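What follows is a set of notes on a single structure, which appears directly below.
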Amino acid sequence: MSTRALAAWSASGLVIALSTSNPVYRGVVLLCALNLLLARGRRGPRLRLLLIGIALAAATATLLTLLLSHSGAHILVRLPGAIPAIGGPLTLEALAFGLATGLGIAAAMLAVAPLTLVSQPHELVDALPPALARTGAAVGAALNLIPGTVRSAAEIRDAQRMRGWRARRVTDWPAVAVPVVLTAIEGSLTLAEAMESRAYGVTARTHLTIQSWTRADTVLTVSALVAAALFLTLSLTGSAPGWFPFPVLTAPVVSVPAVLCCAVLVLPSLLVRR
Amino acid sequence: METLRFAGFHYSYPSTPTRVLDGVDLEVDGGLVLLSGASGSGKSTLLRVCNGLIPHFHGGVIGGVARVLGRDVVRTPTRTLARDVGFVFQDPELQAVYPSVEHDVAFGLENLGIAREEMRHRVDDVLVTCGIAHLRGRAVSTLSGGERQRLALAGVLAMRPRLLVLDEPFAQLDPDGSRALLAALDTAVRGGTTALVAEHRRHPAVEGVARRLLMEDGRVVHLPSSVPVEAPSLVPRRGAPASSQLSWCLHRVSAGHGRAAVLHDLELCAAGGEVVALTGANGSGKTTLLRTIAGLLPPLSGRVERRPGRIAYLPQNPAALLHRATVRSEIVWTLRRTRCADGPDPILGELGLTAVADRDPRDLSSGQRQRAALAAVLAGGPSLVLLDEPTRGMDAAARASLTAAITRIAERGAGVVVATHDEQLVDAVATRVVELRDGAAHELPAGDLVAVGAAR
């Protein structure tokens with residue numbers, strides 16, 4: 001699958017997930033994206049880490065909404081009013097809205113995730129239009145620093161441990177955090193030097209690899225963009241209404257055409273071979 | 001037109017008034033030029049002037065004449081000079097731009113706008129020249145230090161520079177890598193490229209063909225070719241008495257990262273007072289073995305036994321450990337954490353750090369930082385010392401200090417394991433030499449090592 005087709009697919013998924021508050025549509029986008037990641041992405045620690053991160057973000061959104069929104073008819077529990085911000089009734093409606101918000105965040109993140117987990121960084125950089133090639137190379141290099149910094153943090157922690165370091169108190173952490181930050185800064189500067197020394201930005205860039213574009217890429221790109229456009233139209237005309245559980249919890253209204261628009265996002269998993 | 005011309009050139013970094021380069025006069029017109037000098041003498045600074053990183057990237061106060069391939073360095077941006085000047089940095093770990101080997105080699109060519117077919121041809125060629133064709137599809141993050149060094153060289157050679165500037169290129173290379181680098185340098189120089197190589201370690205093979213320069217007090221001193229190349233030597237310590245007490249032992253240990261074993265079924269033990277040198281090609285598993293002995297990497301199978309006591313471990317990038325405001329406080333930090341009553345002065349003196357004890361370790365030269373990290377690790381009387389490429393970036397004086405320190409530690413009864421390609425260090429300190437090859441450990445007689453060194 002071409003990186004450009006994947007980018008169009010991600011953009012469509014993102015538009016749908018962010019343009020509606022209806023958990024059903026968000027859920028369909030989430031399932032399509034998850035299916036693509038599991039079918040085409042490289043399984044391993046990165047995928048695991050991403051899924052954990054998404055779950056944490058969604059859980060945090062749910063919890064914050066539950067704790068901070070005190071509206072709704074069905075009270076689950078009442079926290080003492082003396083507690084700032086979270087004191088007061090915690091309602092079923094707030095919990096439901098929190099879950100829908102978390103679902104939206106997870107769907108949006110999962111829609112973009114294949115760009116980094118299915119594509120290689122150089123494919124992303126190569127897929128950018130020529131006007132953005134230099135910026136893309138710089139961003140690609142910067143992203144490349146992230147795994148290096150994570151690795152260096154583990155190495156520094158291990159080495160400091162051998163010098164007697166133990167993480168017992170907050171004040172112990174600078175022994176690891178300071179070298180990690182300084183090493184990351186030095187790494188960034190050396191990388192910038194290395195890029196400059198290898199003629200970065202001297203002229204228009206060419207690319208080692210050609211990204212092939214197949215008929216399936218055309219089908220996927222057009223279908224994803226049309227689906228997003230249709231969904232937006234349905235949404236704006238009221239044919240695919242959002243969902244608001246306050247003041248009383250109700251089931252979301254589901255429009256079949258809107259669900260079909262979301263379901264179009266499952267096509268990459270069906271059409272493209274690994 | 002000279003390749004390099006410096007006249008009355010001086011430079012100081014923005015934060016310090018002291019001139020790092022102070023009156024450099026130098027003319028180079030082709031060939032291989034070897035630049036040596038003590039840690040902190042200004043070698044890396046001079047090299048950075050050659051491709052314009054100084055002053056364009058680092059700023060500072062500059063004066064005098066510096067022309068590279070006829071261009072004024074002050075008026076020509078680094079990226080423009082990079083069309084003709086290839087630069088390989090001291091830390092190969094930090095200069096890969098892309099995560100895959102093949103694409104990283106092509107990065108410079110992409111920047112130069114080279115056509116795809118030509119690019120493929122050059123990438124193929126240079127991977128073979130640098131002896132890393134087998135790494136083509138690998139992720140950079142999985143390469144050893146030496147493999148990364150060769151990758152960095154390949155990325156620069158692919159751009160076919162007229163001036164090639166290399167900062168300590170042999171530091172992490174195994175004998176095969178050193179031979180490949182020498183051959184690549186020879187080919188490039190025969191093809192008309194000028195090569196300027198800064199190197200601490202003595203390489204008779206290079207010195208025999210190179211013009212030799214010495215950095216001293218910020219100036220370049222020309223060494224006459226009539227000065228003979230002497231066999232480098234560190235003060236040797238052979239046959240130190242090993243104690244009867246076991247220091248560490250591997251029982252049928254397989255080790256590696258993830259699920260893939262790099263080392264298989266190792267049976268290896270050493271007594272206190274023994275200095276075991278681990279040698280082997282880049283990527284043979286030396287660091288993996290050190291980390292396994294240290295307990296930082298659990299074995300995939302088998303059992304690791306260690307004598308109780310503190311383990312000192314010096315990683316490949318030891319400067320990353322340093323986080324205190326002064327060298328002295330780094331050592332005090334280790335002493336306190338290990339509940340050792342010693343003061344910092346003995347180890348400072350032993351490693352030649354007394355003069356810089358109150359300086360910020362990150363302001364020191366690469367070699368001095370290496371020594372500071374070594375002092376921070378060795379302080380506190382460890383019972384087992386594990387050193388990963390400890391001589392990287394060290395000048396002759398620092399390596400002699402290191403040799404003395406290892407000797408003292410071993411004489412006190414501690415076990416020492418040194419992973420290194422530095423055959424002079426091995427010759428000076430090792431009581432046993434173990435070569436890692438094809439996932440197995442092969443004990444070498446001491447004489448074999450000298451032969452390995454001579455072959456370089």
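Chain labels A, B, ... are given in the sequence in which chains occur in the structure tokens; within each chain residues are numbered consecutively from 1, and ligands are likewise numbered from 1 in the order shown.
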
Mind running chain B against chain A at 7 Å and telling me each contacting residue's nearest atom pair with the distance in Å (one decimal), counting only C-alpha atoms, chain and number ascending, as CSV?
```
residue,atom,partner,partner_atom,distance
B:Thr78,CA,A:Ser197,CA,6.2
B:Arg79,CA,A:Ala199,CA,4.3
B:Thr80,CA,A:Val202,CA,6.3
B:Ala82,CA,A:Ala199,CA,5.0
B:Arg83,CA,A:Ala199,CA,6.3
B:Phe87,CA,A:Ser197,CA,6.4
B:Leu94,CA,A:Gly187,CA,5.7
B:Gln95,CA,A:Leu191,CA,5.2
B:Val97,CA,A:Ala141,CA,5.2
B:Tyr98,CA,A:Ala141,CA,6.3
B:Pro99,CA,A:Asn144,CA,6.6
B:Ala106,CA,A:Leu208,CA,6.6
B:Gly108,CA,A:Arg198,CA,4.9
B:Glu110,CA,A:Thr206,CA,4.7
B:Asn111,CA,A:Arg205,CA,4.9
B:Leu112,CA,A:Thr203,CA,6.3
B:Gly113,CA,A:Thr206,CA,4.9
B:Ile114,CA,A:Thr206,CA,6.4
B:Ala115,CA,A:Thr206,CA,6.8
B:Arg116,CA,A:Leu208,CA,5.6
B:Met119,CA,A:Leu208,CA,6.6
B:Arg120,CA,A:Leu208,CA,6.9
B:Leu296,CA,A:Asp158,CA,6.7
B:Ile311,CA,A:Met162,CA,6.3
B:Ala312,CA,A:Met162,CA,6.0
B:Tyr313,CA,A:Met162,CA,6.3
B:Pro315,CA,A:Ala159,CA,7.0
B:Ala320,CA,A:Pro179,CA,5.7
B:Leu321,CA,A:Pro179,CA,6.1
B:Leu322,CA,A:Pro179,CA,6.3
B:His323,CA,A:Pro179,CA,5.4
B:Thr334,CA,A:Arg163,CA,5.6
B:Arg337,CA,A:Gly164,CA,4.9
B:Thr338,CA,A:Gly164,CA,5.4
B:Val377,CA,A:Arg163,CA,6.4
```

*Might you pull out every residue within 8 Å of segment 97-102 of chain A, with only C-alpha atoms counted and same-chain residues fewer than 4 positions away left off, and present them as a count of residues only?*
17

*Please give the complete set of residues from segment 14-251 of chain B that DSSP, run on the backbone, assigns to helix (DSSP H, G or I), formatted as a VMD selection string.*
chain B and resid 43 to 50 53 to 56 78 to 81 92 to 94 101 to 112 116 to 129 133 to 135 140 to 142 145 to 157 175 to 190 204 to 207

*Write down as a list of chain:residue names the residues of segment 85-136 of chain A whose backbone DSSP state falls under strand (DSSP E).*
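Filtering segment 85-136 of chain A to strand (DSSP E) leaves A:Gly88, A:Pro89, A:Leu90, A:Thr91.
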
*Skipping near chain neighbours, those fewer than 6 positions away, what residues fall within 8 Å of Ile86 of chain A using only C-alpha atoms, listed as a list in words?*
Leu67, Leu68 and Leu79 of chain A

Could you take the residues named above and write them with C-alpha atoms, as a compact mmCIF listing (two decimals), in the first residue's frame?
```txt
# COMPACT_ATOMS: atom_id res chain seq x y z
CA LEU A 67 -15.07 13.67 37.61
CA LEU A 68 -15.48 17.18 36.22
CA LEU A 79 -18.28 13.11 46.30
```

*Nearby residues (only C-alpha atoms) at most 9 Å from Gln90 of chain B, same-chain spacing under 6 positions excluded, as a PyMOL selection string*: chain B and resi 44+149+166-169+171+366+393

For the selection just defined, write its residues with N, CA and C atoms to a file, as a tab-separated table (two decimals), in the first residue's frame.
```tsv
chain	number	residue	atom	x	y	z
B	44	SER	N	39.65	17.86	17.03
B	44	SER	CA	38.27	17.84	16.54
B	44	SER	C	37.83	19.23	16.11
B	149	GLN	N	30.17	2.69	12.80
B	149	GLN	CA	31.28	3.51	12.33
B	149	GLN	C	31.49	3.29	10.82
B	166	LEU	N	38.09	12.58	8.79
B	166	LEU	CA	37.65	11.49	9.67
B	166	LEU	C	38.17	11.72	11.08
B	167	ASP	N	37.25	11.73	12.04
B	167	ASP	CA	37.63	11.97	13.43
B	167	ASP	C	37.63	10.63	14.17
B	168	GLU	N	38.80	10.13	14.49
B	168	GLU	CA	38.97	8.85	15.20
B	168	GLU	C	38.23	7.70	14.52
B	169	PRO	N	38.50	7.45	13.26
B	169	PRO	CA	37.70	6.44	12.55
B	169	PRO	C	38.01	5.00	12.96
B	171	ALA	N	38.50	3.99	16.04
B	171	ALA	CA	38.26	3.80	17.47
B	171	ALA	C	37.49	2.53	17.82
B	366	SER	N	36.63	14.93	24.51
B	366	SER	CA	36.05	13.59	24.50
B	366	SER	C	36.89	12.60	25.31
B	393	GLY	N	38.73	7.16	22.13
B	393	GLY	CA	38.94	8.60	22.29
B	393	GLY	C	40.07	8.96	23.23
```

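As for atom CA of Leu364 of chain B and atom CA of Tyr11 of chain B, they are spaced 16.9 Å apart.
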
_Polymer residues at most 8 Å from Leu143 of chain B, only C-alpha atoms, same-chain spacing of 5 or more positions, as a list in words_ =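 Here the answer would be Arg138, Arg148 and Gly283 of chain B.
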
Would you put the residues from that selection into a file with C-alpha atoms, as a PDB file, in the first residue's frame?
```
ATOM      1  CA  ARG B 138      19.373  -4.084   8.781  1.00  0.00           C
ATOM      2  CA  ARG B 148      27.848   2.026  12.831  1.00  0.00           C
ATOM      3  CA  GLY B 283      28.644  -7.376  16.247  1.00  0.00           C
TER       4      GLY B 283
END
```

*Neighbours of Leu353 of chain B within 9 Å (only C-alpha atoms; same-chain residues fewer than 3 positions away dropped), as a PyMOL selection string?*
chain B and resi 327-328+347-350+356-357+368+371-372+375

*Between atom CA of Asp91 of chain B and atom CA of Asp125 of chain B, what is the spacing in Å?*
24.0 Å

*Do a neighbour search on Ala224 of chain A at 12 Å with only C-alpha atoms, toss out local chain neighbours closer than 3 positions, and write the hits as a VMD selection string.*
chain A and resid 5 to 16 29 32 111 216 to 221 227 to 231 260 to 268

Write out, as an mmCIF file, in the first residue's frame, the residues just selected, with N, CA and C atoms.
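Resulting contents of result.cif:
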```
data_model
loop_
_atom_site.group_PDB
_atom_site.id
_atom_site.type_symbol
_atom_site.label_atom_id
_atom_site.label_comp_id
_atom_site.auth_asym_id
_atom_site.auth_seq_id
_atom_site.Cartn_x
_atom_site.Cartn_y
_atom_site.Cartn_z
ATOM 1 N N ALA A 5 -1.476 6.778 -0.298
ATOM 2 C CA ALA A 5 -2.831 6.227 -0.153
ATOM 3 C C ALA A 5 -3.147 6.044 1.333
ATOM 4 N N LEU A 6 -2.140 5.598 2.076
ATOM 5 C CA LEU A 6 -2.323 5.403 3.518
ATOM 6 C C LEU A 6 -2.590 6.743 4.208
ATOM 7 N N ALA A 7 -1.879 7.783 3.746
ATOM 8 C CA ALA A 7 -2.081 9.113 4.330
ATOM 9 C C ALA A 7 -3.505 9.598 4.059
ATOM 10 N N ALA A 8 -4.008 9.339 2.834
ATOM 11 C CA ALA A 8 -5.386 9.741 2.505
ATOM 12 C C ALA A 8 -6.365 8.978 3.388
ATOM 13 N N TRP A 9 -6.099 7.702 3.586
ATOM 14 C CA TRP A 9 -6.959 6.874 4.443
ATOM 15 C C TRP A 9 -6.949 7.413 5.880
ATOM 16 N N SER A 10 -5.742 7.732 6.386
ATOM 17 C CA SER A 10 -5.624 8.248 7.755
ATOM 18 C C SER A 10 -6.372 9.565 7.909
ATOM 19 N N ALA A 11 -6.229 10.440 6.904
ATOM 20 C CA ALA A 11 -6.894 11.744 6.961
ATOM 21 C C ALA A 11 -8.406 11.546 7.013
ATOM 22 N N SER A 12 -8.921 10.601 6.227
ATOM 23 C CA SER A 12 -10.363 10.357 6.207
ATOM 24 C C SER A 12 -10.831 9.833 7.563
ATOM 25 N N GLY A 13 -10.087 8.892 8.105
ATOM 26 C CA GLY A 13 -10.442 8.341 9.418
ATOM 27 C C GLY A 13 -10.454 9.414 10.490
ATOM 28 N N LEU A 14 -9.443 10.288 10.414
ATOM 29 C CA LEU A 14 -9.319 11.369 11.393
ATOM 30 C C LEU A 14 -10.503 12.337 11.280
ATOM 31 N N VAL A 15 -10.863 12.688 10.052
ATOM 32 C CA VAL A 15 -11.974 13.626 9.830
ATOM 33 C C VAL A 15 -13.265 13.050 10.411
ATOM 34 N N ILE A 16 -13.522 11.770 10.132
ATOM 35 C CA ILE A 16 -14.768 11.170 10.629
ATOM 36 C C ILE A 16 -14.764 11.112 12.161
ATOM 37 N N VAL A 29 -14.876 3.446 13.104
ATOM 38 C CA VAL A 29 -13.548 3.912 12.668
ATOM 39 C C VAL A 29 -12.462 3.211 13.486
ATOM 40 N N CYS A 32 -12.004 -0.381 12.336
ATOM 41 C CA CYS A 32 -11.331 -0.456 11.023
ATOM 42 C C CYS A 32 -9.827 -0.203 11.193
ATOM 43 N N ALA A 111 -6.359 6.047 13.874
ATOM 44 C CA ALA A 111 -6.441 6.360 12.443
ATOM 45 C C ALA A 111 -5.094 6.856 11.925
ATOM 46 N N ALA A 216 -5.155 -0.562 -6.760
ATOM 47 C CA ALA A 216 -5.746 -0.682 -5.410
ATOM 48 C C ALA A 216 -5.537 0.613 -4.616
ATOM 49 N N ASP A 217 -4.346 1.253 -4.802
ATOM 50 C CA ASP A 217 -4.097 2.522 -4.099
ATOM 51 C C ASP A 217 -5.099 3.582 -4.542
ATOM 52 N N THR A 218 -5.373 3.604 -5.867
ATOM 53 C CA THR A 218 -6.340 4.584 -6.379
ATOM 54 C C THR A 218 -7.714 4.315 -5.765
ATOM 55 N N VAL A 219 -8.113 3.050 -5.774
ATOM 56 C CA VAL A 219 -9.432 2.692 -5.224
ATOM 57 C C VAL A 219 -9.514 3.108 -3.753
ATOM 58 N N LEU A 220 -8.444 2.797 -3.003
ATOM 59 C CA LEU A 220 -8.454 3.099 -1.568
ATOM 60 C C LEU A 220 -8.493 4.596 -1.301
ATOM 61 N N THR A 221 -7.684 5.337 -2.057
ATOM 62 C CA THR A 221 -7.625 6.785 -1.840
ATOM 63 C C THR A 221 -8.974 7.421 -2.155
ATOM 64 N N ALA A 227 -15.745 8.772 1.095
ATOM 65 C CA ALA A 227 -16.460 8.379 2.320
ATOM 66 C C ALA A 227 -16.417 9.505 3.355
ATOM 67 N N ALA A 228 -15.246 10.122 3.500
ATOM 68 C CA ALA A 228 -15.118 11.211 4.480
ATOM 69 C C ALA A 228 -15.972 12.399 4.068
ATOM 70 N N ALA A 229 -15.941 12.719 2.761
ATOM 71 C CA ALA A 229 -16.723 13.861 2.277
ATOM 72 C C ALA A 229 -18.216 13.600 2.486
ATOM 73 N N LEU A 230 -18.652 12.369 2.153
ATOM 74 C CA LEU A 230 -20.070 12.022 2.318
ATOM 75 C C LEU A 230 -20.481 12.094 3.784
ATOM 76 N N PHE A 231 -19.608 11.578 4.644
ATOM 77 C CA PHE A 231 -19.912 11.571 6.070
ATOM 78 C C PHE A 231 -20.070 12.997 6.598
ATOM 79 N N LEU A 260 -22.060 3.094 6.762
ATOM 80 C CA LEU A 260 -21.399 2.550 5.568
ATOM 81 C C LEU A 260 -20.172 3.387 5.196
ATOM 82 N N CYS A 261 -20.326 4.725 5.344
ATOM 83 C CA CYS A 261 -19.173 5.613 5.054
ATOM 84 C C CYS A 261 -17.994 5.234 5.961
ATOM 85 N N CYS A 262 -18.300 5.003 7.226
ATOM 86 C CA CYS A 262 -17.223 4.635 8.166
ATOM 87 C C CYS A 262 -16.645 3.263 7.801
ATOM 88 N N ALA A 263 -17.532 2.353 7.412
ATOM 89 C CA ALA A 263 -17.095 0.976 7.147
ATOM 90 C C ALA A 263 -16.208 0.875 5.906
ATOM 91 N N VAL A 264 -16.302 1.892 5.032
ATOM 92 C CA VAL A 264 -15.431 1.899 3.844
ATOM 93 C C VAL A 264 -13.955 1.838 4.264
ATOM 94 N N LEU A 265 -13.668 2.322 5.467
ATOM 95 C CA LEU A 265 -12.278 2.353 5.943
ATOM 96 C C LEU A 265 -11.697 0.958 6.183
ATOM 97 N N VAL A 266 -12.524 -0.059 6.082
ATOM 98 C CA VAL A 266 -12.005 -1.417 6.265
ATOM 99 C C VAL A 266 -11.338 -1.927 4.979
ATOM 100 N N LEU A 267 -11.542 -1.184 3.877
ATOM 101 C CA LEU A 267 -11.037 -1.657 2.575
ATOM 102 C C LEU A 267 -9.534 -1.993 2.532
ATOM 103 N N PRO A 268 -8.627 -1.173 3.116
ATOM 104 C CA PRO A 268 -7.201 -1.524 3.013
ATOM 105 C C PRO A 268 -6.891 -2.922 3.549
#
```

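Counting from atom CA of Pro129 of chain A, the distance to atom CA of Arg4 of chain A is 10.0 Å.
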
Any chance you could tabulate, as CSV, the residues of segment 62-159 of chain A at most 8 Å from segment 33-39 of chain A with each one's nearest atom pair and distance in Å to one decimal, using only C-alpha atoms, in chain and rising number order?
```
residue,atom,partner,partner_atom,distance
A:Ala107,CA,A:Ala33,CA,7.4
A:Leu110,CA,A:Ala33,CA,5.7
A:Ala111,CA,A:Ala33,CA,5.4
A:Ala113,CA,A:Leu37,CA,7.8
A:Pro114,CA,A:Leu37,CA,6.1
A:Leu117,CA,A:Leu37,CA,7.4
A:Val118,CA,A:Leu37,CA,7.2
```
